[in-house]
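**Student:** mmCIF, C-alpha atoms, file model_16.cif:
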data_run
loop_
_atom_site.label_atom_id
_atom_site.label_comp_id
_atom_site.auth_asym_id
_atom_site.auth_seq_id
_atom_site.Cartn_x
_atom_site.Cartn_y
_atom_site.Cartn_z
CA MET H 1132 -18.24 -63.33 25.54
CA ASN H 1133 -18.48 -60.56 28.14
CA LYS H 1134 -14.98 -59.31 27.24
CA ASN H 1135 -15.94 -59.07 23.57
CA LYS H 1136 -19.03 -57.00 24.39
CA CYS H 1137 -16.99 -54.59 26.50
CA PHE H 1138 -14.41 -54.29 23.74
CA MET H 1139 -17.07 -53.63 21.10
CA TRP H 1140 -18.83 -51.01 23.25
CA GLY H 1141 -15.48 -49.35 23.95
CA MET H 1142 -14.61 -49.23 20.25
CA LEU H 1143 -18.06 -47.87 19.42
CA ALA H 1144 -17.68 -45.16 22.08
CA MET H 1145 -14.27 -44.17 20.70
CA VAL H 1146 -15.55 -43.99 17.13
CA LEU H 1147 -18.57 -41.91 18.16
CA THR H 1148 -16.41 -39.57 20.23
CA PHE H 1149 -13.98 -39.06 17.36
CA SER H 1150 -16.83 -38.51 14.90
CA MET H 1151 -18.46 -35.93 17.14
CA ALA H 1152 -15.14 -34.15 17.62
CA VAL H 1153 -14.57 -33.89 13.90
CA ALA H 1154 -18.17 -32.95 13.07
CA GLY H 1155 -18.43 -30.58 16.02
CA CYS H 1156 -16.20 -27.92 14.52
CA ALA H 1157 -18.26 -25.23 12.87
CA THR H 1158 -17.04 -22.24 10.94
CA MET H 1159 -18.83 -19.00 10.16
CA SER H 1160 -17.68 -15.94 8.26
CA SER H 1161 -18.97 -12.44 7.74
CA VAL H 1162 -18.94 -10.56 4.48
CA GLY H 1163 -20.92 -7.44 3.74
CA GLY H 1164 -22.88 -7.58 6.99
CA THR H 1165 -24.06 -11.18 6.62
CA VAL H 1166 -23.07 -14.20 8.68
CA ASP H 1167 -22.45 -17.32 6.63
CA SER H 1168 -22.15 -20.89 7.92
CA HIS H 1169 -19.62 -23.32 6.51
CA GLY H 1170 -18.94 -27.00 6.85
CA LEU H 1171 -16.02 -28.71 8.50
CA PHE H 1172 -13.94 -28.59 5.33
CA SER H 1173 -14.82 -25.05 4.40
CA SER H 1174 -13.61 -22.25 2.23
CA ALA H 1175 -14.21 -19.64 4.93
CA ASN H 1176 -10.63 -18.46 4.48
CA VAL H 1177 -11.74 -16.86 1.21
CA VAL H 1178 -13.00 -13.88 3.26
CA ALA H 1179 -9.40 -13.31 4.31
CA SER H 1180 -8.18 -13.27 0.71
CA GLY H 1181 -5.90 -10.30 0.33
CA GLY H 1182 -6.43 -9.25 3.94
CA ASP H 1183 -4.24 -9.18 7.00
CA VAL H 1184 -5.13 -10.59 10.40
CA ILE H 1185 -5.74 -7.56 12.59
CA ALA H 1186 -7.06 -9.19 15.75
CA SER H 1187 -8.59 -12.29 17.30
CA TYR H 1188 -10.19 -13.34 20.54
CA GLY H 1189 -11.41 -16.56 22.10
CA VAL H 1190 -14.44 -17.60 24.12
CA ILE H 1191 -14.10 -20.51 26.55
CA LEU H 1192 -17.19 -22.57 27.37
CA GLY H 1193 -19.37 -19.68 26.27
CA LEU H 1194 -18.57 -18.01 29.60
CA ILE H 1195 -15.17 -16.36 29.45
CA ASP H 1196 -13.73 -14.32 26.61
CA SER H 1197 -10.08 -13.55 26.19
CA GLY H 1198 -8.74 -10.57 24.26
CA TYR H 1199 -12.06 -9.00 23.24
CA GLU H 1200 -11.10 -5.44 24.22
CA GLY H 1201 -8.07 -5.50 21.94
CA TYR H 1202 -10.18 -7.05 19.18
CA VAL H 1203 -12.75 -4.23 19.33
CA ALA H 1204 -10.05 -1.54 19.36
CA SER H 1205 -8.29 -3.07 16.34
CA VAL H 1206 -11.52 -3.46 14.36
CA LYS H 1207 -12.61 0.12 15.10
CA ALA H 1208 -9.18 1.44 14.11
CA ALA H 1209 -9.25 -0.47 10.83
CA GLU H 1210 -12.78 0.72 10.03
CA SER H 1211 -11.89 4.34 10.78
CA ALA H 1212 -8.90 3.95 8.44
CA GLY H 1213 -11.36 3.04 5.67
CA LYS H 1214 -10.50 -0.65 5.51
CA ILE H 1215 -13.05 -3.42 4.94
CA VAL H 1216 -13.18 -5.74 7.93
CA THR H 1217 -14.35 -9.36 7.69
CA SER H 1218 -14.30 -12.09 10.31
CA VAL H 1219 -14.08 -15.84 10.58
CA THR H 1220 -15.54 -17.62 13.62
CA THR H 1221 -14.54 -21.21 14.38
CA GLN H 1222 -16.24 -23.23 17.11
CA TYR H 1223 -14.58 -26.30 18.56
CA LEU H 1224 -17.16 -28.67 20.07
CA GLY H 1225 -18.83 -25.80 21.90
CA PHE H 1226 -15.92 -25.64 24.34
CA TYR H 1227 -13.85 -23.01 22.57
CA THR H 1228 -14.70 -20.40 19.94
CA LYS H 1229 -12.11 -18.34 18.09
CA VAL H 1230 -12.99 -15.17 16.18
CA THR H 1231 -10.43 -13.70 13.80
CA ALA H 1232 -10.80 -10.34 12.04
CA TYR H 1233 -9.18 -9.53 8.69
CA ALA H 1234 -8.77 -6.09 7.08
CA ARG H 1235 -8.09 -5.16 3.49
#
Translate this structure into structure tokens?

**Tutor:**
Amino acid sequence: MNKNKCFMWGMLAMVLTFSMAVAGCATMSSVGGTVDSHGLFSSANVVASGGDVIASYGVILGLIDSGYEGYVASVKAAESAGKIVTSVTTQYLGFYTKVTAYAR
């Protein structure tokens, strides 16, 4: 009986962990100066429609960012060239966030 309880608790923990991992991914996009939230299965890629990826950067644990300087330079260059810049932000369980900029 004790083995069955341990097995059931283990299975429940695995299912909850998997569910939180899948539900923990959030996506946001920006269009026209607004920030829009999307669900796990989102159409956030519509902001990239007809645009090219110009830059991206990542944030680890909300503490360390990687590639932000290049991101800012690329976005400013695209804006000064008269292009419309949109972005898509994807968060993975709060551990890693990726921001991608598109220009058209």

**Student:** Skipping near chain neighbours, those fewer than 5 positions away, what residues fall within 12 Å of Ala1212 in chain H using all atoms listed in the file, listed as a list in words?

**Tutor:**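 Once the nearby chain positions are removed, what remains is Ser1205, Val1206, Lys1207, Ala1234 and Arg1235 of chain H.
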
**Student:** Mind writing the picked residues with C-alpha atoms as a PDB file, in the frame of the given file?

**Tutor:**
ATOM      1  CA  SER H1205      -8.290  -3.070  16.340  1.00  0.00           C
ATOM      2  CA  VAL H1206     -11.520  -3.460  14.360  1.00  0.00           C
ATOM      3  CA  LYS H1207     -12.610   0.120  15.100  1.00  0.00           C
ATOM      4  CA  ALA H1234      -8.770  -6.090   7.080  1.00  0.00           C
ATOM      5  CA  ARG H1235      -8.090  -5.160   3.490  1.00  0.00           C
TER       6      ARG H1235
END

**Student:** Between H:Asn1135, H:Ser1168, H:Ser1180, H:Thr1158, which one has atoms that come closest to Thr1217 in chain H, using all atoms listed in the file?

**Tutor:**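 Checking each of H:Asn1135, H:Ser1168, H:Ser1180, H:Thr1158 against Thr1217 in chain H, counting all atoms listed in the file, the winner is H:Ser1180.
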
**Student:** Which distance in Å separates CA of Tyr1188 in chain H and CA of Gly1225 in chain H, to one decimal?

**Tutor:**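 Taking CA of Tyr1188 in chain H as the start and CA of Gly1225 in chain H as the end point, the length is 15.2 Å.
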
**Student:** Find, counting only C-alpha atoms, the residue in H:Ser1197, H:Ala1204, H:Val1146, H:Val1216 that gets nearest to Ala1232 in chain H.

**Tutor:** H:Val1216

**Student:** Which residue, H:Thr1148, H:Asn1133, H:Thr1231, H:Ser1160, has the smallest gap to Asp1183 in chain H when you use all atoms listed in the file?

**Tutor:** H:Thr1231

**Student:** Between H:Met1145, H:Ile1191, H:Ala1208, H:Ala1186, which residue has the minimum interatomic distance to Gln1222 in chain H, considering all atoms listed in the file?

**Tutor:** H:Ile1191

**Student:** If the PyMOL selection byres ((chain H and resi 1192) around 9) is run on the structure shown, which residues does it catch, given as a list in words?

**Tutor:**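 This file, filtered by the PyMOL selection byres ((chain H and resi 1192) around 9), leaves Val1190, Ile1191, Gly1193, Leu1194, Ile1195, Asp1196, Gly1225, Phe1226, Tyr1227 and Thr1228 of chain H.
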
**Student:** Report, in Å with one decimal, the straight-line distance from CA of Glu1200 in chain H to CA of Thr1220 in chain H.

**Tutor:** 16.7 Å

**Student:** Please measure the separation of CA of Gly1213 in chain H and CA of Val1184 in chain H, giving the value in Å to one decimal.

**Tutor:** 15.7 Å

**Student:** Counting all atoms listed in the file, which of H:Cys1137, H:Ile1185, H:Val1166, H:Met1142 gets nearest to Ala1209 in chain H?

**Tutor:** H:Ile1185

**Student:** Using all atoms listed in the file, can you tell me which of H:Gly1182, H:Met1159, H:Gly1201, H:Lys1214 comes closest to Lys1229 in chain H?

**Tutor:** H:Met1159
